[in-house]
Every structure is written in C-alpha cells, then in structure tokens.
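Quick look at query-v4.tsv (TSV, C-alpha atoms):
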chain	number	residue	atom	x	y	z
A	277	MET	CA	-33.07	-65.93	-74.79
A	278	MET	CA	-30.77	-64.70	-77.56
A	279	LYS	CA	-30.66	-67.05	-80.56
A	280	THR	CA	-27.23	-65.79	-81.66
A	281	LEU	CA	-23.94	-65.32	-79.86
A	282	ASN	CA	-23.09	-61.90	-78.46
A	283	THR	CA	-19.72	-60.25	-79.08
A	284	GLU	CA	-18.07	-61.62	-75.93
A	285	GLU	CA	-19.31	-65.16	-76.57
A	286	SER	CA	-18.18	-65.15	-80.19
A	287	MET	CA	-14.73	-63.90	-79.16
A	288	THR	CA	-14.51	-66.72	-76.61
A	289	ILE	CA	-15.45	-69.37	-79.20
A	290	TYR	CA	-13.00	-68.02	-81.75
A	291	ALA	CA	-10.17	-67.95	-79.17
A	292	LEU	CA	-10.84	-71.64	-78.46
A	293	LEU	CA	-10.81	-72.46	-82.18
A	294	LYS	CA	-7.39	-70.83	-82.57
A	295	ALA	CA	-5.86	-72.72	-79.64
A	296	GLU	CA	-4.26	-75.36	-81.90
A	297	GLN	CA	-1.38	-75.98	-79.43
A	298	THR	CA	-3.67	-76.43	-76.38
A	299	PRO	CA	-4.69	-79.95	-75.30
A	300	LEU	CA	-8.15	-80.70	-76.63
A	301	ASP	CA	-9.53	-81.78	-73.25
A	302	GLU	CA	-8.52	-78.39	-71.81
A	303	ILE	CA	-10.33	-76.63	-74.66
A	304	ALA	CA	-13.47	-78.65	-73.93
A	305	SER	CA	-13.23	-77.75	-70.23
A	306	ASP	CA	-12.72	-74.06	-71.06
A	307	PHE	CA	-15.80	-74.13	-73.27
A	308	LYS	CA	-17.95	-75.52	-70.46
A	309	SER	CA	-16.57	-73.09	-67.87
A	310	LYS	CA	-16.69	-69.92	-69.96
A	311	LEU	CA	-20.15	-70.42	-71.45
A	312	PRO	CA	-23.19	-71.32	-69.32
A	313	SER	CA	-24.89	-74.57	-70.23
A	314	ALA	CA	-27.94	-72.66	-71.46
A	315	ARG	CA	-25.79	-71.16	-74.23
A	316	HIS	CA	-24.13	-74.41	-75.35
A	317	PHE	CA	-26.75	-75.24	-77.97
A	318	VAL	CA	-26.52	-71.83	-79.66
A	319	ALA	CA	-22.71	-71.95	-79.65
A	320	CYS	CA	-22.61	-75.49	-81.04
A	321	SER	CA	-25.17	-74.60	-83.71
A	322	SER	CA	-22.86	-71.81	-84.91
A	323	LEU	CA	-19.94	-74.24	-85.02
A	324	VAL	CA	-22.00	-76.68	-87.11
A	325	SER	CA	-22.70	-73.93	-89.65
A	326	LEU	CA	-18.97	-73.13	-89.88
A	327	LEU	CA	-18.08	-76.82	-90.24
A	328	GLN	CA	-20.56	-77.28	-93.09
A	329	ASP	CA	-18.44	-74.92	-95.20
A	330	LYS	CA	-15.22	-76.88	-95.77
A	331	LYS	CA	-13.16	-73.73	-96.48
A	332	MET	CA	-14.15	-71.68	-93.44
A	333	LEU	CA	-11.91	-73.25	-90.77
A	334	TYR	CA	-8.35	-74.60	-90.72
A	335	SER	CA	-7.90	-78.34	-90.21
A	336	THR	CA	-6.92	-77.84	-86.56
A	337	GLN	CA	-9.88	-75.55	-85.98
A	338	ARG	CA	-12.22	-78.16	-87.39
A	339	LEU	CA	-10.90	-80.73	-84.92
A	340	VAL	CA	-11.42	-78.26	-82.06
A	341	ALA	CA	-14.97	-77.59	-83.26
A	342	PHE	CA	-15.81	-81.31	-83.41
A	343	THR	CA	-14.32	-81.76	-79.94
A	344	ILE	CA	-16.60	-79.06	-78.55
A	345	LEU	CA	-19.65	-80.50	-80.32
A	346	HIS	CA	-19.03	-83.91	-78.78
A	347	GLN	CA	-17.65	-83.02	-75.35
A	348	ALA	CA	-20.32	-80.39	-74.61
A	349	TYR	CA	-22.76	-83.29	-74.20
A	350	ALA	CA	-20.30	-86.04	-73.23
A	351	SER	CA	-21.91	-86.50	-69.79
A	352	GLN	CA	-25.03	-87.88	-71.54
A	353	LYS	CA	-25.57	-90.82	-73.85
A	354	SER	CA	-24.38	-90.15	-77.38
A	355	SER	CA	-27.96	-90.42	-78.66
A	356	ALA	CA	-28.90	-87.47	-76.41
A	357	ASN	CA	-26.42	-85.18	-78.13
A	358	PRO	CA	-28.52	-82.89	-80.40
A	359	PHE	CA	-25.65	-82.84	-82.93
A	360	ILE	CA	-24.93	-86.58	-83.00
A	361	ASN	CA	-26.39	-87.06	-86.50
A	362	PHE	CA	-24.13	-84.32	-87.87
A	363	ILE	CA	-21.11	-85.87	-86.14
A	364	VAL	CA	-21.89	-89.35	-87.48
A	365	ASP	CA	-22.44	-87.98	-91.00
A	366	ALA	CA	-19.07	-86.23	-90.83
A	367	ALA	CA	-17.36	-89.47	-89.75
A	368	SER	CA	-18.86	-91.22	-92.78
A	369	GLU	CA	-18.10	-88.58	-95.41
A	370	ASP	CA	-15.87	-90.17	-98.05
A	371	GLU	CA	-14.52	-86.85	-99.32
A	372	ALA	CA	-13.38	-85.69	-95.87
A	373	GLU	CA	-9.75	-85.91	-94.76
A	374	LYS	CA	-8.85	-89.25	-93.22
A	375	TYR	CA	-7.38	-87.69	-90.09
A	376	GLU	CA	-10.64	-85.81	-89.53
A	377	ARG	CA	-12.80	-88.91	-89.96
A	378	THR	CA	-10.51	-90.93	-87.69
A	379	PHE	CA	-10.58	-88.20	-85.07
A	380	ILE	CA	-14.39	-88.11	-85.06
A	381	LEU	CA	-14.54	-91.90	-84.77
A	382	GLN	CA	-12.25	-91.69	-81.74
A	383	LEU	CA	-14.55	-89.05	-80.27
A	384	LEU	CA	-17.54	-91.33	-80.72
A	385	GLY	CA	-15.65	-94.22	-79.15
A	386	SER	CA	-14.62	-92.16	-76.11
A	387	ASP	CA	-18.12	-92.14	-74.56
A	388	GLY	CA	-17.96	-93.18	-70.94
A	389	SER	CA	-14.38	-94.44	-71.09
A	390	SER	CA	-11.51	-92.67	-69.37
A	391	THR	CA	-8.92	-94.60	-71.40
A	392	GLY	CA	-10.74	-93.71	-74.58
A	393	LYS	CA	-10.15	-90.03	-73.90
A	394	GLU	CA	-6.36	-90.23	-73.83
A	395	PHE	CA	-6.09	-88.89	-77.38
A	396	LEU	CA	-7.77	-85.65	-76.20
A	397	LYS	CA	-4.72	-84.87	-74.05
A	398	GLN	CA	-2.84	-83.86	-77.20
A	399	SER	CA	-3.38	-80.69	-79.17
A	400	ALA	CA	-5.12	-80.49	-82.52
A	401	ALA	CA	-1.84	-79.60	-84.23
A	402	ASP	CA	-0.05	-82.61	-82.70
A	403	TYR	CA	-2.89	-84.91	-83.74
A	404	VAL	CA	-2.74	-83.80	-87.39
A	405	ASN	CA	1.05	-83.93	-87.58
A	406	SER	CA	1.34	-87.40	-86.03
A	407	PHE	CA	-1.55	-89.00	-87.91
A	408	ASP	CA	-0.86	-92.27	-89.72
A	409	SER	CA	-3.65	-93.16	-92.15
A	410	SER	CA	-2.47	-96.74	-92.58
A	411	LEU	CA	-3.51	-97.65	-89.05
A	412	HIS	CA	-7.20	-96.95	-89.42
A	413	ASP	CA	-10.27	-98.26	-91.23
A	414	PHE	CA	-13.71	-96.72	-91.46
A	415	PRO	CA	-17.05	-98.39	-90.63
A	416	LYS	CA	-20.07	-97.82	-92.81
A	417	HIS	CA	-22.51	-95.00	-92.18
A	418	GLU	CA	-25.40	-97.36	-91.38
A	419	GLN	CA	-23.31	-99.09	-88.72
A	420	LEU	CA	-22.46	-95.81	-87.03
A	421	GLN	CA	-26.06	-94.66	-87.12
A	422	GLN	CA	-27.26	-97.87	-85.55
A	423	GLN	CA	-24.64	-97.63	-82.82
A	424	TYR	CA	-24.84	-93.95	-81.85
A	425	CYS	CA	-28.08	-92.42	-83.15
A	426	VAL	CA	-31.70	-92.73	-82.08
A	427	LYS	CA	-34.10	-94.06	-84.69
A	428	ILE	CA	-36.75	-91.42	-85.19
A	429	PRO	CA	-40.13	-92.65	-86.49
A	430	PRO	CA	-41.43	-91.00	-89.65
A	431	GLU	CA	-43.43	-87.84	-89.11
A	432	PRO	CA	-47.19	-88.37	-89.49
A	433	TYR	CA	-47.66	-84.90	-90.94
A	434	ASN	CA	-45.44	-82.82	-93.21
A	435	CYS	CA	-45.91	-79.08	-92.85
A	436	LEU	CA	-45.64	-77.05	-96.07
A	437	CYS	CA	-43.51	-74.48	-94.23
A	438	LYS	CA	-41.12	-77.06	-92.74
A	439	ASP	CA	-38.32	-76.34	-95.21
A	440	GLY	CA	-39.10	-72.65	-95.60
A	441	SER	CA	-35.77	-71.50	-94.13
A	442	VAL	CA	-32.32	-71.58	-95.71
A	443	LYS	CA	-28.89	-72.02	-94.17
A	444	SER	CA	-27.38	-68.94	-92.53
A	445	LEU	CA	-24.05	-69.66	-94.23
A	446	VAL	CA	-23.67	-69.90	-98.01
A	447	PRO	CA	-20.51	-70.41	-100.10
A	448	ASP	CA	-18.53	-67.30	-101.00
A	449	PRO	CA	-19.27	-66.47	-104.69
A	450	ASP	CA	-15.81	-64.85	-104.98
A	451	VAL	CA	-14.11	-68.24	-104.50
A	452	PRO	CA	-13.54	-69.73	-108.00
A	453	LEU	CA	-14.73	-73.22	-108.81
A	454	GLY	CA	-12.11	-75.92	-108.32
A	455	CYS	CA	-10.49	-74.23	-105.31
A	456	ASP	CA	-11.13	-76.82	-102.67
A	457	ALA	CA	-9.64	-77.57	-99.28
A	458	ASN	CA	-6.72	-79.43	-100.88
A	459	SER	CA	-5.64	-76.71	-103.28
A	460	PRO	CA	-2.57	-74.57	-102.41
A	461	GLU	CA	-4.65	-71.42	-102.12
A	462	PHE	CA	-6.81	-73.03	-99.48
A	463	ASP	CA	-4.24	-75.19	-97.68
A	464	LEU	CA	-5.82	-75.96	-94.30
A	465	GLN	CA	-2.75	-77.46	-92.63
A	466	PRO	CA	-1.57	-75.92	-89.32
A	467	GLY	CA	-0.10	-72.48	-89.82
A	468	ALA	CA	-1.63	-71.99	-93.28
A	469	LYS	CA	-3.22	-68.62	-94.03
A	470	PRO	CA	-5.96	-69.08	-96.64
A	471	LYS	CA	-7.92	-66.19	-98.05
A	472	LEU	CA	-11.65	-66.71	-98.23
A	473	GLY	CA	-12.85	-64.23	-100.79
A	474	SER	CA	-12.41	-60.57	-99.90
A	475	GLY	CA	-11.93	-59.08	-96.45
A	476	ASP	CA	-10.15	-60.21	-93.34
A	477	ARG	CA	-10.65	-63.90	-92.50
A	478	GLU	CA	-10.74	-63.44	-88.74
A	479	ASP	CA	-13.37	-60.70	-89.01
A	480	THR	CA	-15.41	-62.97	-91.32
A	481	VAL	CA	-15.46	-65.87	-88.87
A	482	LEU	CA	-16.19	-63.61	-85.90
A	483	GLY	CA	-18.99	-61.92	-87.80
A	484	LEU	CA	-20.52	-65.28	-88.66
A	485	LEU	CA	-20.30	-66.48	-85.07
A	486	ARG	CA	-22.17	-63.37	-83.92
A	487	ASN	CA	-24.91	-63.64	-86.51
A	488	LEU	CA	-25.53	-67.32	-87.21
A	489	SER	CA	-28.90	-68.50	-85.94
A	490	PRO	CA	-29.85	-72.16	-85.31
A	491	GLU	CA	-33.06	-71.66	-87.29
A	492	GLY	CA	-31.33	-70.28	-90.38
A	493	LEU	CA	-32.89	-67.49	-92.41
A	494	ASP	CA	-36.66	-67.74	-92.30
A	495	PRO	CA	-38.97	-66.01	-94.79
A	496	GLN	CA	-40.89	-63.07	-93.44
A	497	TRP	CA	-44.50	-64.19	-93.44
A	498	ILE	CA	-46.71	-61.20	-94.14
A	499	ARG	CA	-49.55	-60.83	-91.66
A	500	PRO	CA	-52.09	-57.99	-91.73
A	501	LEU	CA	-52.24	-55.76	-88.69
A	502	PRO	CA	-55.20	-56.54	-86.43
A	503	PRO	CA	-57.99	-53.94	-86.55
A	504	ARG	CA	-58.09	-51.36	-83.77
A	505	LEU	CA	-60.83	-51.45	-81.21
A	506	PRO	CA	-63.51	-48.79	-81.69
A	507	VAL	CA	-62.94	-45.60	-79.69
A	508	GLN	CA	-65.48	-45.19	-76.92
A	509	GLU	CA	-66.83	-41.71	-76.41
A	510	GLY	CA	-67.01	-42.19	-72.66
A	511	GLU	CA	-63.26	-43.04	-72.33
A	512	GLN	CA	-63.85	-46.05	-70.03
A	513	VAL	CA	-60.11	-46.17	-69.19
A	514	LEU	CA	-60.37	-42.84	-67.39
A	515	VAL	CA	-63.30	-44.15	-65.34
A	516	GLU	CA	-61.38	-47.28	-64.34
A	517	LEU	CA	-58.31	-45.23	-63.39
A	518	ALA	CA	-60.46	-42.96	-61.25
A	519	ASN	CA	-62.20	-45.90	-59.52
A	520	ASP	CA	-58.98	-47.75	-58.70
A	521	PRO	CA	-56.03	-45.50	-57.72
A	522	LYS	CA	-53.65	-48.50	-57.75
A	523	LEU	CA	-54.64	-49.65	-61.23
A	524	VAL	CA	-51.92	-47.50	-62.75
A	525	TYR	CA	-49.23	-49.54	-60.98
A	526	HIS	CA	-50.23	-52.89	-62.46
A	527	CYS	CA	-51.69	-51.97	-65.85
A	528	GLY	CA	-48.48	-52.84	-67.66
A	529	LEU	CA	-47.40	-49.32	-68.64
A	530	THR	CA	-43.61	-49.36	-68.38
A	531	PRO	CA	-41.45	-46.32	-69.21
A	532	ARG	CA	-40.48	-48.00	-72.49
A	533	LYS	CA	-44.13	-48.09	-73.60
A	534	LEU	CA	-44.85	-44.45	-72.69
A	535	PRO	CA	-43.98	-42.89	-76.10
A	536	ALA	CA	-46.54	-45.10	-77.87
A	537	LEU	CA	-49.23	-44.08	-75.38
A	538	VAL	CA	-48.34	-40.39	-75.73
A	539	GLU	CA	-48.63	-40.52	-79.52
A	540	ASN	CA	-51.82	-42.59	-79.63
A	541	ASN	CA	-53.75	-41.25	-76.63
A	542	PRO	CA	-52.24	-38.15	-74.98
A	543	LEU	CA	-55.24	-37.70	-72.64
A	544	ILE	CA	-54.75	-41.15	-71.10
A	545	ALA	CA	-51.00	-40.48	-70.90
A	546	VAL	CA	-51.64	-37.31	-68.88
A	547	GLU	CA	-53.99	-39.13	-66.53
A	548	VAL	CA	-51.54	-41.97	-65.97
A	549	LEU	CA	-48.55	-39.69	-65.38
A	550	THR	CA	-50.58	-37.58	-63.00
A	551	LYS	CA	-51.35	-40.64	-60.87
A	552	LEU	CA	-47.71	-41.77	-61.03
A	553	ILE	CA	-46.31	-38.42	-59.92
A	554	ASN	CA	-45.48	-39.69	-56.42
A	555	SER	CA	-44.14	-43.02	-57.64
A	556	PRO	CA	-40.41	-43.76	-57.13
A	557	GLU	CA	-40.23	-44.59	-60.85
A	558	ILE	CA	-41.61	-41.24	-62.06
A	559	ALA	CA	-38.10	-40.02	-62.88
A	560	GLU	CA	-37.77	-42.85	-65.45
A	561	TYR	CA	-41.02	-41.82	-67.12
A	562	PHE	CA	-39.85	-38.19	-67.26
A	563	THR	CA	-36.53	-39.28	-68.78
A	564	VAL	CA	-38.34	-41.17	-71.55
A	565	LEU	CA	-40.72	-38.26	-72.14
A	566	VAL	CA	-37.95	-35.68	-72.42
A	567	ASN	CA	-35.95	-37.82	-74.86
A	568	MET	CA	-38.73	-38.97	-77.18
A	569	ASP	CA	-39.22	-37.36	-80.57
A	570	MET	CA	-40.87	-33.98	-80.32
A	571	SER	CA	-44.45	-33.90	-81.57
A	572	LEU	CA	-47.75	-32.10	-81.07
A	573	HIS	CA	-48.94	-34.83	-78.73
A	574	SER	CA	-45.83	-34.83	-76.55
A	575	MET	CA	-46.09	-31.05	-76.16
A	576	GLU	CA	-49.78	-31.43	-75.36
A	577	VAL	CA	-48.96	-33.95	-72.64
A	578	VAL	CA	-46.26	-31.74	-71.08
A	579	ASN	CA	-48.45	-28.64	-71.31
A	580	ARG	CA	-51.38	-30.37	-69.58
A	581	LEU	CA	-49.09	-31.79	-66.90
A	582	THR	CA	-47.75	-28.32	-66.09
A	583	THR	CA	-51.27	-27.16	-65.24
A	584	THR	CA	-52.10	-30.33	-63.26
A	585	VAL	CA	-49.04	-31.20	-61.18
A	586	GLU	CA	-45.80	-29.54	-60.20
A	587	LEU	CA	-43.12	-30.73	-62.58
A	588	PRO	CA	-39.38	-30.57	-61.79
A	589	SER	CA	-37.90	-27.40	-63.23
A	590	GLU	CA	-34.97	-29.36	-64.65
A	591	PHE	CA	-37.37	-31.59	-66.59
A	592	ILE	CA	-39.14	-28.58	-68.14
A	593	ARG	CA	-35.83	-26.97	-69.02
A	594	MET	CA	-34.54	-30.15	-70.68
A	595	TYR	CA	-37.79	-30.61	-72.60
A	596	ILE	CA	-37.68	-27.05	-73.95
A	597	THR	CA	-34.04	-27.51	-74.96
A	598	ASN	CA	-34.97	-30.72	-76.78
A	599	CYS	CA	-37.80	-28.95	-78.60
A	600	ILE	CA	-35.50	-26.15	-79.76
A	601	SER	CA	-32.84	-28.63	-80.85
A	602	SER	CA	-35.40	-30.69	-82.79
A	603	CYS	CA	-36.55	-27.61	-84.71
A	604	GLU	CA	-32.98	-26.67	-85.61
A	605	ASN	CA	-32.01	-30.14	-86.83
A	606	ILE	CA	-35.01	-31.00	-89.00
A	607	LYS	CA	-34.23	-30.91	-92.74
A	608	ASP	CA	-37.70	-30.59	-94.25
A	609	LYS	CA	-38.57	-26.88	-94.38
A	610	TYR	CA	-42.32	-27.39	-94.26
A	611	MET	CA	-42.10	-29.64	-91.21
A	612	GLN	CA	-39.58	-27.28	-89.64
A	613	ASN	CA	-41.90	-24.28	-89.96
A	614	ARG	CA	-44.79	-26.30	-88.56
A	615	LEU	CA	-42.83	-27.48	-85.52
A	616	VAL	CA	-41.43	-24.00	-84.86
A	617	ARG	CA	-44.99	-22.64	-84.71
A	618	LEU	CA	-45.99	-25.39	-82.27
A	619	VAL	CA	-42.98	-24.77	-80.03
A	620	CYS	CA	-43.56	-21.00	-80.00
A	621	VAL	CA	-47.22	-21.43	-78.99
A	622	PHE	CA	-46.16	-23.97	-76.36
A	623	LEU	CA	-43.54	-21.61	-74.89
A	624	GLN	CA	-45.97	-18.69	-74.82
A	625	SER	CA	-48.41	-20.83	-72.84
A	626	LEU	CA	-45.70	-21.77	-70.31
A	627	ILE	CA	-44.61	-18.15	-69.93
A	628	ARG	CA	-48.11	-16.72	-69.51
A	629	ASN	CA	-48.99	-19.38	-66.92
A	630	ASN	CA	-45.77	-18.68	-65.00
A	631	ILE	CA	-44.69	-22.28	-65.41
A	632	ILE	CA	-41.09	-21.43	-66.30
A	633	ASN	CA	-38.68	-18.78	-65.17
A	634	VAL	CA	-37.89	-16.94	-68.37
A	635	LYS	CA	-34.55	-15.70	-67.01
A	636	ASP	CA	-33.24	-19.27	-66.92
A	637	LEU	CA	-33.91	-19.75	-70.63
A	638	PHE	CA	-33.90	-16.17	-71.91
A	639	ILE	CA	-30.74	-16.34	-74.03
A	640	GLU	CA	-31.57	-19.74	-75.52
A	641	VAL	CA	-35.19	-18.84	-76.36
A	642	GLN	CA	-34.24	-15.41	-77.69
A	643	ALA	CA	-31.68	-16.96	-80.06
A	644	PHE	CA	-34.34	-19.41	-81.20
A	645	CYS	CA	-36.76	-16.57	-81.98
A	646	ILE	CA	-34.12	-14.64	-83.91
A	647	GLU	CA	-33.15	-17.70	-85.97
A	648	PHE	CA	-36.78	-18.24	-87.02
A	649	SER	CA	-37.88	-14.59	-87.05
A	650	ARG	CA	-39.45	-15.11	-90.47
A	651	ILE	CA	-42.20	-17.11	-88.78
A	652	ARG	CA	-45.01	-15.05	-87.29
A	653	GLU	CA	-45.30	-17.07	-84.05
A	654	ALA	CA	-41.56	-16.73	-83.41
A	655	ALA	CA	-41.77	-12.97	-83.82
A	656	ALA	CA	-44.72	-12.87	-81.39
A	657	LEU	CA	-42.74	-14.90	-78.84
A	658	PHE	CA	-39.80	-12.53	-79.23
A	659	ARG	CA	-42.04	-9.53	-78.49
A	660	LEU	CA	-43.36	-11.33	-75.40
A	661	LEU	CA	-39.83	-11.87	-74.17
A	662	LYS	CA	-39.05	-8.17	-74.58
A	663	THR	CA	-41.98	-7.20	-72.36
A	664	LEU	CA	-40.53	-9.37	-69.57
A	665	GLU	CA	-37.06	-7.80	-69.53

Could I get this file's structure written as structure tokens?
Amino acid sequence: MMKTLNTEESMTIYALLKAEQTPLDEIASDFKSKLPSARHFVACSSLVSLLQDKKMLYSTQRLVAFTILHQAYASQKSSANPFINFIVDAASEDEAEKYERTFILQLLGSDGSSTGKEFLKQSAADYVNSFDSSLHDFPKHEQLQQQYCVKIPPEPYNCLCKDGSVKSLVPDPDVPLGCDANSPEFDLQPGAKPKLGSGDREDTVLGLLRNLSPEGLDPQWIRPLPPRLPVQEGEQVLVELANDPKLVYHCGLTPRKLPALVENNPLIAVEVLTKLINSPEIAEYFTVLVNMDMSLHSMEVVNRLTTTVELPSEFIRMYITNCISSCENIKDKYMQNRLVRLVCVFLQSLIRNNIINVKDLFIEVQAFCIEFSRIREAAALFRLLKTLE
C-alpha cells in the first residue's frame, strides 16, 4: 500500500482544510466518506507533520486538522487512537494559542458523548471568532496523559537504528528568525494570507501532502548485491521447460520482467516466448518486447523467434521502426555506428530469410541506409534493397 497520499487524496485533504465556514462535524464525516479507512492513517500522519510546523497552516486549518485526527478514530477508545499522544501534547503546550488548546480539550472530552459534540456543529472560523479565553482553564499534561493515553512499558531493547530517520518536514530557512505565528507577516487569523518563504503557499501544502511519509526520511543503508549463481553449461532451465510444457505459465515471468530476461539470458527468453506463442497474453509480451530499449540481445531474440515461430507482421514492422528510430536518436557517435551495423545485419537476415515483405518497409529502410551510407553495412543493405526492386 502507498505510504504517501496520491494527487486526488491530497486535493481532498486540502479542500477539507480550507473549509473554514463548514461545520466541523460535516468535515469529519466528509473525511471518512471520501477516504477509505485503510488510508486514514497515512492521511492523518501527513496532517501531524503539517501541524508540527506552526507556520504551515492557518488557525482555522489547524482546528480542522485536529478535528480529523480525533474524529477519524472517535468510534474507538481515545487510547486506541494512534495520534492520541500528539493530541494530548498539543493540548498541554504552553506556547500554543489558548483557543487551540481549549478546542483540543473539548475534542478529548467529546468521546462517547453526544452532548459533548455540540461544539463541532459550528465552523472553525466561528469557533475562533467567538472564543472567550476567560472561561477556560487548562489541566496539567500528566493529568491528560493519565486520563487519555495508554501507559507503554519501557522497551527492553534499544535498536541503534531506531532514530535513524528524520522528519519529512523541516522549517523553511527563508523565514527569518523572530517571525512567529503571532507576527503580522504570519498572522494566522481567518482570512489572513501569510507567505511561507518563496513560492505559492497552496502549492507548498499540496506538495507536502503528496510527499510526506509516516516513516520520515530514512537513511539509505548500503547493501552489497548478492552474488550470481554459477552458470551451468547444461542450461537446466531449458531441460525443465522441455519436460513440463505448463511450467512457463507458472514460473513467474510476467511481461514486466521480460526485458530483464532478454538482456541477461536471450536463449531462455526465446524458449519461453516460443512456448507462450499460443497464450492469450502473448500480445502483452510482444508489446513489451517491441518497446524495450534496442540492444544486441533484443535483436537476437527477435531474429531467433522469426526462424522458430510465425510472428505477427505488425509486430515485426513496429520492431524494425523502433530499431531505426533508436539509431537516429542516439547522441554518442560510437554507439550510433555500432547499433547501425547491428540493425543492418539484422535487416539483411530478415530479408534473406523472407521474414519481412520489403515493399512494406522499402521507403523507410532505404532512407535509413542513405542517412548512414558512410557505414559499410548500411551501404551493403542498400545494395541488397536495389536487387529486390
């Protein structure tokens, strides 16, 4: 399963964050209906990362994000919410806005109570505008932890790699020191339009939603490639394929894996494709073969197949066109000359074995020969074409 949000999911989340005039309980319901439950954890993890940066979201958007974090798991006990520790920490943060801390405390107190959810019938903007700080007090962090969180016993073993990853979201270095959420430049009240560094703010948030991963940024542990198995002179794979005609259908060779087999063992690739020729999926294998990068091995496979089975004429035509196009587009002159020689020898073999109808490709192949007439094999192919006119 994807560990980050796709484009559609990130657009959905951002639309919910911007709905500052929509009742909060409706936003929570929209979140549950528009995203499958299997994607709730990834979406909420992205919201946590955005909330950790105090300048990333407006005040109303932060309230929407906390609503989603809590209500996504409201049908369970608060201790079962995977983000309950983050929510409790936010409710206890002394530097946070009082309306935000009060709102989170009301969220925590709304578990299992229909009357406790009445405040969610108002919008985030209405909540901020009507907030009266004199009516609220704040319990201590330890009290909230004891009431809502599960006590986790200490880990018996600490892995050295446990803290090897870093957060996916880091502060913008273009934001000068001293510019906090309360400064005029970063006013987070409803309707405010702060600028977070350079670039468009909406694009920044959407980009983060699409790319934030719950695991953060992990270091790339370098592992040596495993050694290859020794090549057997008897090619045991060919023996097994010959003994069991149905082996080719359950050996795990999908069309996507065909290019790797062609490049690493063209003989096995020919044998497998030959046995798959009557399979309903053979067209998929041909499509992959005709679109893969041109190489000596791919031409060897196609050339051997032409002498073993009857290939569709359209496939051969498309493969030849791809070969010619590859030669014309390559930048390196040495590699270009080498590939042109291979293609010319390949085409001569097809023509002499009557595999292709030269008239169907005469103009295209003739133009190819003229373009690379400086190469001896191209000149020889051109002379062969003239004898067939």

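In this model, the gap between atom CA of Val340 of chain A and atom CA of Ala291 of chain A comes to 10.8 Å.
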
Note to self: Rounded to one decimal, what separation in Å do you get between atom CA of Phe379 of chain A and atom CA of Leu339 of chain A?
What the structure shows: 7.5 Å

Next item on the list: Find the residues with any atom within 10 Å of (-43.0, -32.0, -79.8); use all atoms listed in the file and the coordinates as given in the file, and write the answer as a list in words.
Entry: Val566, Met568, Asp569, Met570, Ser571, Leu572, His573, Ser574, Met575, Glu576, Val577, Val578, Tyr595, Ile596, Asn598, Cys599, Ile600, Ser602, Cys603, Leu615, Val616, Leu618, Val619 and Phe622 of chain A

Next item on the list: Tell me which protein, DNA and RNA residues are within 9 Å of Val481 of chain A, counting only C-alpha atoms, leaving out same-chain ones fewer than 2 positions away, and put them as a ChimeraX atom specification.
Entry: /A:290,326,332-333,476-479,483-486

Margin query: Report, in Å with one decimal, the straight-line distance from atom CA of Ile544 of chain A to atom CA of Leu517 of chain A.
Written below: 9.4 Å

Next item on the list: List the neighbours of Leu384 of chain A out to 8 Å using all atoms listed in the file; skip same-chain residues closer than 4 positions along the sequence, and give me the result as a PyMOL selection string.
Entry: chain A and resi 346+354+380+424

Margin query: With all atoms listed in the file as the counted atoms, please give the residues lying no more than 10 Å from Thr283 of chain A, apart from itself and same-chain residues fewer than 2 positions off, as JSON, numbers by chain.
Written below: {"A": [280, 281, 285, 286, 287, 288, 482, 483, 485, 486, 487]}

Note to self: Can you tell me which residues surround Glu586 of chain A at a distance of at most 12 Å, considering all atoms listed in the file, apart from same-chain residues fewer than 5 positions away, and format the answer as a VMD selection string?
What the structure shows: chain A and resid 549 to 550 553 to 554 578 to 581 591 to 592 630 to 632

Checklist line | Which of A:Ser555, A:Asp408, A:Leu565, A:Asp370 sits closest to Val538 of chain A [using all atoms listed in the file] | finding: A:Leu565

Checklist line | Tyr525 of chain A surroundings by only C-alpha atoms, 10 Å radius, close-in-sequence under 2 positions cut, as a PyMOL selection string | finding: chain A and resi 521-523+527-530+548+551-552+555
